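Asker: Data: work.txt, compact mmCIF, C-alpha atoms.
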# COMPACT_ATOMS: atom_id res chain seq x y z
CA MET A 1 105.19 107.94 113.54
CA GLN A 2 108.35 108.74 111.63
CA GLY A 3 108.94 105.05 110.95
CA GLU A 4 105.36 104.64 109.76
CA ALA A 5 105.53 107.65 107.44
CA SER A 6 108.56 106.15 105.70
CA HIS A 7 106.75 102.88 104.97
CA PRO A 8 106.23 102.34 101.19
CA LEU A 9 102.48 101.90 101.76
CA TYR A 10 102.22 105.53 102.87
CA ALA A 11 103.87 106.66 99.65
CA TRP A 12 101.26 104.79 97.62
CA VAL A 13 98.42 106.20 99.73
CA ASP A 14 99.67 109.76 99.20
CA TYR A 15 100.12 109.05 95.50
CA PHE A 16 96.53 107.84 95.06
CA ARG A 17 95.22 110.79 97.11
CA ASP A 18 96.95 113.12 94.66
CA LEU A 19 94.96 111.31 91.97
CA GLY A 20 91.73 112.06 93.86
CA ILE A 21 91.22 108.53 95.23
CA HIS A 22 90.46 108.49 98.95
CA ASP A 23 88.50 105.26 99.60
CA PHE A 24 90.46 102.03 99.93
CA TYR A 25 89.21 98.52 100.58
CA ARG A 26 91.02 95.40 101.68
CA ASN A 27 90.59 92.30 99.56
CA GLY A 28 88.60 89.50 101.19
CA GLU A 29 85.21 88.91 102.77
CA PRO A 30 83.75 91.75 104.84
CA MET A 31 83.56 91.25 108.58
CA PRO A 32 80.14 90.14 109.81
CA ALA A 33 77.89 92.74 111.36
CA VAL A 34 78.01 92.96 115.16
CA ALA A 35 74.59 92.18 116.64
CA ASP A 36 73.29 93.72 119.87
CA GLU A 37 73.32 91.39 122.85
CA PRO A 38 69.83 90.68 124.24
CA PRO A 39 69.16 92.73 127.39
CA ASP A 40 68.92 91.09 130.79
CA ALA A 41 65.20 91.52 131.57
CA ALA A 42 65.74 91.29 135.33
CA ASN A 43 68.32 94.05 135.44
CA GLU A 44 67.08 96.25 132.63
CA ILE A 45 66.13 99.76 133.73
CA PRO A 46 63.15 101.06 131.77
CA VAL A 47 63.61 104.46 130.18
CA ALA A 48 60.58 106.33 129.02
CA SER A 49 60.32 107.12 125.32
CA ALA A 50 63.90 106.01 124.63
CA GLU A 51 64.93 103.94 121.63
CA ARG A 52 67.76 101.44 121.76
CA PRO A 53 70.56 102.46 119.44
CA THR A 54 71.28 100.04 116.64
CA VAL A 55 74.71 99.07 115.39
CA ALA A 56 74.97 99.56 111.64
CA ALA A 57 76.29 96.64 109.66
CA LYS A 58 79.70 97.19 108.15
CA ARG A 59 79.52 98.20 104.52
CA SER A 60 80.58 95.58 102.04
CA PRO A 61 83.27 96.66 99.57
CA ASP A 62 81.83 98.60 96.67
CA PRO A 63 82.79 96.55 93.59
CA VAL A 64 82.62 99.63 91.37
CA ALA A 65 84.95 101.67 93.58
CA ALA A 66 87.26 98.72 94.09
CA SER A 67 87.43 98.23 90.34
CA ALA A 68 88.26 101.90 89.86
CA ILE A 69 91.16 101.61 92.31
CA ALA A 70 92.38 98.43 90.64
CA ASP A 71 92.39 100.21 87.31
CA THR A 72 94.79 102.81 88.69
CA VAL A 73 97.36 100.25 89.84
CA PRO A 74 100.24 100.56 87.37
CA THR A 75 101.27 97.66 85.21
CA LEU A 76 104.44 97.18 83.22
CA THR A 77 103.59 98.60 79.82
CA LEU A 78 106.76 98.86 77.77
CA ILE A 79 106.83 101.57 75.14
CA SER A 80 110.09 102.53 73.51
CA PHE A 81 111.24 106.13 73.57
CA ASN A 82 110.80 106.13 69.80
CA GLN A 83 107.08 105.44 70.28
CA LEU A 84 106.45 107.77 73.22
CA ALA A 85 106.42 110.90 71.08
CA PRO A 86 107.30 111.97 67.54
CA LEU A 87 110.72 113.43 66.93
CA PRO A 88 110.92 117.23 67.09
CA ALA A 89 110.17 118.95 63.81
CA ALA A 90 113.24 121.15 64.19
CA SER A 91 116.45 120.91 66.18
CA ILE A 92 117.27 123.41 68.91
CA PRO A 93 120.29 125.62 68.10
CA ALA A 94 123.38 124.67 70.10
CA GLU A 95 123.51 128.01 71.88
CA GLU A 96 119.94 127.57 73.15
CA ARG A 97 120.20 124.02 74.48
CA ALA A 98 121.39 124.90 77.97
CA ALA A 99 118.37 127.16 78.44
CA ALA A 100 116.09 124.46 77.02
CA LEU A 101 117.40 121.93 79.53
CA GLN A 102 116.88 124.42 82.34
CA ALA A 103 113.27 124.88 81.18
CA ILE A 104 112.73 121.11 81.53
CA SER A 105 114.23 121.19 85.01
CA ASP A 106 111.94 124.09 85.93
CA ASP A 107 108.98 122.12 84.59
CA ILE A 108 109.87 119.21 86.87
CA GLY A 109 110.01 121.54 89.86
CA ASP A 110 109.61 119.90 93.27
CA CYS A 111 108.07 116.89 91.57
CA THR A 112 105.36 114.82 93.30
CA ARG A 113 104.19 112.93 90.22
CA CYS A 114 105.09 109.44 91.47
CA PRO A 115 105.57 107.65 94.83
CA LEU A 116 109.34 108.28 94.88
CA ALA A 117 108.57 111.85 95.95
CA TYR A 118 107.25 110.46 99.26
CA ALA A 119 109.92 107.78 99.77
CA GLY A 120 112.62 109.84 101.45
CA ARG A 121 114.00 111.70 98.46
CA ARG A 122 116.43 114.51 99.30
CA LYS A 123 117.18 115.99 95.88
CA ILE A 124 115.95 115.55 92.34
CA VAL A 125 118.86 114.43 90.17
CA PHE A 126 118.21 116.04 86.80
CA GLY A 127 121.32 115.44 84.72
CA ASP A 128 124.87 116.62 84.20
CA GLY A 129 127.21 117.43 81.36
CA SER A 130 127.39 119.19 78.04
CA PRO A 131 124.09 120.31 76.47
CA THR A 132 125.71 119.75 73.05
CA ALA A 133 127.23 116.35 73.81
CA ARG A 134 127.60 113.79 71.05
CA LEU A 135 127.30 111.02 73.63
CA ILE A 136 124.73 110.45 76.39
CA PHE A 137 125.01 107.86 79.16
CA VAL A 138 121.72 106.78 80.76
CA GLY A 139 121.67 104.88 84.03
CA GLU A 140 118.93 103.48 86.26
CA GLY A 141 118.47 105.96 89.09
CA PRO A 142 120.28 107.98 91.75
CA GLY A 143 122.01 106.31 94.68
CA ALA A 144 122.75 107.66 98.15
CA ASP A 145 125.59 109.96 97.06
CA GLU A 146 123.61 111.28 94.12
CA ASP A 147 120.60 111.90 96.35
CA ILE A 148 122.75 114.09 98.60
CA GLN A 149 124.60 116.02 95.89
CA GLY A 150 121.85 116.24 93.28
CA LEU A 151 124.18 115.05 90.50
CA PRO A 152 124.19 111.69 88.65
CA PHE A 153 127.01 109.16 89.06
CA VAL A 154 129.09 110.79 91.80
CA GLY A 155 129.56 107.74 94.06
CA LYS A 156 131.84 104.76 93.51
CA ALA A 157 129.96 103.75 90.37
CA GLY A 158 130.33 107.32 89.16
CA GLN A 159 134.08 107.21 89.68
CA LEU A 160 134.25 104.10 87.55
CA LEU A 161 132.09 105.74 84.87
CA ASN A 162 134.47 108.73 84.87
CA ASN A 163 137.36 106.32 84.28
CA MET A 164 135.45 104.65 81.45
CA ILE A 165 134.79 108.03 79.84
CA ALA A 166 138.45 109.01 80.20
CA ALA A 167 139.55 105.73 78.62
CA MET A 168 137.47 106.69 75.59
CA GLY A 169 139.52 109.87 75.23
CA LEU A 170 136.79 112.13 76.62
CA ALA A 171 136.21 114.17 79.76
CA ARG A 172 133.04 113.95 81.82
CA ALA A 173 132.23 117.53 80.75
CA ASP A 174 132.20 116.34 77.11
CA VAL A 175 129.26 113.95 77.60
CA TYR A 176 125.78 114.16 79.10
CA ILE A 177 124.68 111.85 81.95
CA ALA A 178 121.15 111.15 83.15
CA ASN A 179 119.00 108.37 84.63
CA ILE A 180 115.68 106.68 83.93
CA VAL A 181 114.30 108.12 87.21
CA LYS A 182 115.44 111.32 88.86
CA CYS A 183 114.70 110.39 92.48
CA ARG A 184 116.44 107.73 94.52
CA PRO A 185 114.36 104.56 94.98
CA PRO A 186 114.36 103.35 98.61
CA ASN A 187 117.33 101.10 99.38
CA ASN A 188 118.48 101.51 95.76
CA ARG A 189 115.82 99.10 94.52
CA VAL A 190 114.89 98.89 90.83
CA PRO A 191 112.38 101.62 89.90
CA GLU A 192 108.76 100.51 89.70
CA PRO A 193 107.04 100.80 86.29
CA VAL A 194 104.86 103.72 87.45
CA GLU A 195 108.00 105.57 88.53
CA ALA A 196 109.99 104.91 85.36
CA ASN A 197 107.06 105.60 83.03
CA THR A 198 106.19 108.83 84.84
CA CYS A 199 109.76 110.12 84.65
CA SER A 200 110.42 109.01 81.05
CA GLN A 201 108.78 112.09 79.56
CA PHE A 202 111.50 114.32 81.00
CA LEU A 203 114.42 112.12 79.94
CA LEU A 204 112.94 111.96 76.46
CA ARG A 205 112.86 115.75 76.31
CA GLN A 206 116.44 115.96 77.55
CA ILE A 207 117.58 113.60 74.80
CA ASP A 208 115.67 115.60 72.19
CA VAL A 209 117.34 118.82 73.35
CA VAL A 210 120.90 117.46 73.45
CA GLN A 211 120.46 115.49 70.19
CA PRO A 212 123.35 113.07 70.72
CA GLU A 213 124.77 110.86 68.01
CA VAL A 214 125.07 107.91 70.40
CA ILE A 215 123.30 106.87 73.60
CA VAL A 216 124.77 104.26 75.94
CA ALA A 217 122.27 102.43 78.13
CA LEU A 218 123.99 101.44 81.35
CA GLY A 219 122.38 98.24 82.58
CA SER A 220 119.17 96.36 81.93
CA THR A 221 116.76 98.90 83.47
CA ALA A 222 117.96 101.70 81.19
CA ALA A 223 117.86 99.40 78.16
CA THR A 224 114.37 98.12 79.03
CA TYR A 225 112.74 101.55 79.16
CA LEU A 226 114.71 103.23 76.37
CA LEU A 227 114.07 100.39 73.92
CA GLY A 228 110.70 99.22 75.24
CA VAL A 229 111.78 95.57 75.38
CA LYS A 230 112.43 93.16 78.22
CA GLN A 231 115.39 91.08 77.13
CA SER A 232 118.59 89.84 78.67
CA LEU A 233 121.54 92.20 78.61
CA SER A 234 123.60 89.67 76.70
CA SER A 235 121.04 89.62 73.87
CA LEU A 236 121.08 93.43 73.59
CA ARG A 237 124.82 94.00 73.76
CA GLY A 238 127.16 94.00 70.80
CA ARG A 239 124.77 95.54 68.27
CA TRP A 240 123.23 98.89 67.51
CA HIS A 241 119.71 99.96 68.40
CA SER A 242 117.80 103.15 67.63
CA CYS A 243 116.55 105.78 70.09
CA ARG A 244 115.32 109.30 69.32
CA GLY A 245 117.34 109.60 66.13
CA ALA A 246 120.54 108.37 67.79
CA LYS A 247 122.29 105.04 67.75
CA LEU A 248 122.02 103.21 71.07
CA ALA A 249 124.45 100.72 72.57
CA VAL A 250 123.86 98.62 75.68
CA THR A 251 126.51 97.79 78.25
CA TYR A 252 126.88 96.89 81.90
CA HIS A 253 126.08 99.36 84.67
CA PRO A 254 129.21 100.54 86.49
CA ALA A 255 127.73 99.34 89.80
CA PHE A 256 127.55 95.83 88.35
CA LEU A 257 131.15 96.09 87.16
CA LEU A 258 132.21 96.94 90.71
CA ARG A 259 130.56 93.73 91.90
CA ASP A 260 131.98 91.65 89.05
CA PRO A 261 135.19 93.26 87.71
CA ARG A 262 135.67 90.35 85.30
CA GLN A 263 133.01 91.91 83.06
CA LYS A 264 135.04 95.10 82.56
CA VAL A 265 136.63 93.47 79.51
CA GLU A 266 133.19 92.97 77.97
CA ALA A 267 132.15 96.53 78.82
CA TRP A 268 135.29 97.83 77.13
CA LYS A 269 134.27 96.00 73.96
CA ASP A 270 130.94 97.86 74.05
CA LEU A 271 132.69 101.19 74.53
CA GLN A 272 135.08 100.45 71.67
CA MET A 273 132.05 99.98 69.42
CA VAL A 274 130.84 103.43 70.51
CA MET A 275 134.28 104.94 69.98
CA GLY A 276 134.42 103.57 66.45
CA GLU A 277 131.07 105.18 65.66
CA LEU A 278 132.18 108.55 67.05
CA GLY A 279 135.70 108.39 65.62
CA LEU A 280 137.34 108.48 69.05
CA LYS A 281 140.76 107.16 69.94
CA PRO A 282 141.43 105.62 73.35
CA LEU A 283 143.43 107.50 75.94
CA ALA A 284 147.12 106.83 75.43
CA ARG A 285 148.73 104.92 78.27
CA LYS A 286 151.63 106.69 79.97
Show how you would write the structure in this file as structure tokens.
Answerer:
Amino acid sequence: MQGEASHPLYAWVDYFRDLGIHDFYRNGEPMPAVADEPPDAANEIPVASAERPTVAAKRSPDPVAASAIADTVPTLTLISFNQLAPLPAASIPAEERAAALQAISDDIGDCTRCPLAYAGRRKIVFGDGSPTARLIFVGEGPGADEDIQGLPFVGKAGQLLNNMIAAMGLARADVYIANIVKCRPPNNRVPEPVEANTCSQFLLRQIDVVQPEVIVALGSTAATYLLGVKQSLSSLRGRWHSCRGAKLAVTYHPAFLLRDPRQKVEAWKDLQMVMGELGLKPLARK
């Protein structure tokens, strides 16, 4: 039973039940009704005033109900963070931003808003860093180490990100780090649209509280949902984009750089563009 409960199908079933949908139908033709076999007249025992029970025909799928379920199946609708909500009318004072971020975390609570809540999640990974950071890094989602510790980018990819931040002349505590989704997708797969779109509202609020000057999208998933476009990473890199009143740059995810270290040179070019915007000088080599 434990293996069955961890199957992705069970997560979707629980998700739809939370939405109030309890009837599910399999696509295809309904099975034919089972007819009663004719009795053997020679061996039949007569029973006074008894009626033979009838076997009810199986109900054909209700097209209205099936259509309602189909309408709830999420599709990839890309909406940029700039279009999700208007910018705040007023900025939050610096001294109140930590409390504002905590209020968002409290609002998330023990979240069950999307199927990731039922897919083996250990901890919700909210975010980490300075609530007054000038620079925010946004990744895809938590991995195994992050799921255990409840902090973003603490595994091998996180160590590389720390080195990238240090090379920019900053400490990890100087920036803010978050992800598109706050729960680990099974087997570190790419988040599904329903998962990313459900979680986006909280990341948007985090960005609005911190009010960074620059956002760095780490990888194609982060760039896709922040910008609301599905384009190759190469076409998005090397130029500025806009997100929630900040400038946004796109670069490679540290996990990708671990798989292909040759691209570290290209990622450094992206970070140098960010450094120029923020007036940062690279860490001096000893």
Asker: Ranking A:Ala100, A:Val250, A:Leu283, A:Ala89 by minimum distance to Asn163 (chain A) and counting all atoms listed in the file, which one comes first?
Answerer: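 Looking only at the distances to Asn163 (chain A), the closest residue turns out to be A:Leu283.
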Asker: Taking only C-alpha atoms into account, name the residue in A:Gln231, A:Asn82, A:Thr221, A:Ser130 that is nearest to Val190 (chain A).
Answerer: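 Ranked by minimum distance to Val190 (chain A), first place goes to A:Thr221.
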Asker: Using all atoms listed in the file for the distances, tell me which of A:Gly245, A:Gly150, A:Pro282, A:Pro191 is nearest to Cys114 (chain A).
Answerer: A:Pro191
Asker: To one decimal in Å, tell me the separation between CA of Ile79 (chain A) and CA of Arg205 (chain A).
Answerer: 15.5 Å
Asker: Can you pull out every residue within 10 Å of Pro142 (chain A), counting all atoms listed in the file, but drop anything in the same chain fewer than 2 positions away, and send it as a list of chain:residue names?
Answerer: A:Arg121, A:Lys123, A:Ile124, A:Val125, A:Phe126, A:Gly139, A:Glu140, A:Ala144, A:Asp145, A:Glu146, A:Asp147, A:Ile148, A:Gly150, A:Leu151, A:Pro152, A:Phe153, A:Val154, A:Gly155, A:Ala178, A:Asn179, A:Ile180, A:Val181, A:Lys182, A:Cys183, A:Arg184, A:Pro185, A:Asn188
Asker: What is the distance, in Å and to one decimal place, between CA of His253 (chain A) and CA of Val265 (chain A)?
Answerer: 13.1 Å
Asker: Between CA of Pro193 (chain A) and CA of Arg244 (chain A), what distance in Å does the model show, to one decimal?
Answerer: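 Value for the CA of Pro193 (chain A)-CA of Arg244 (chain A) distance: 20.7 Å.
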Asker: Out of A:Arg122, A:Arg172, A:Lys264, A:Arg259, which residue has the shortest atom-to-atom distance to Pro186 (chain A) when counting all atoms listed in the file?
Answerer: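 Among A:Arg122, A:Arg172, A:Lys264, A:Arg259, it is A:Arg122 that comes nearest to Pro186 (chain A).
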Asker: Using only C-alpha atoms, pick whichever of A:Thr224, A:Asn187, A:Gln159, A:Thr132 has the shortest atom-to-atom distance to Leu116 (chain A).
Answerer: A:Asn187
Asker: What lies within 9 Å of Ile207 (chain A) using only C-alpha atoms, ignoring chain neighbours under 5 positions off, as number ranges by chain?
Answerer: A: 136, 202, 212, 215, 244
Asker: Using all atoms listed in the file for the distances, tell me which of A:Gln102, A:Thr198, A:Gln206, A:Gln263 is nearest to Tyr225 (chain A).
Answerer: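 Using all atoms listed in the file, the shortest distance to Tyr225 (chain A) belongs to A:Thr198.
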Asker: Env of Glu266 (chain A): 10 Å cut, atoms = all atoms listed in the file, seq-sep filter 3 positions within chain, self excluded. Answer as a list in words.
Answerer: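 In the requested form, the answer reads Arg237, Gly238, Thr251, Tyr252, Leu257, Pro261, Arg262, Gln263, Lys269, Asp270, Leu271 and Gln272 of chain A.
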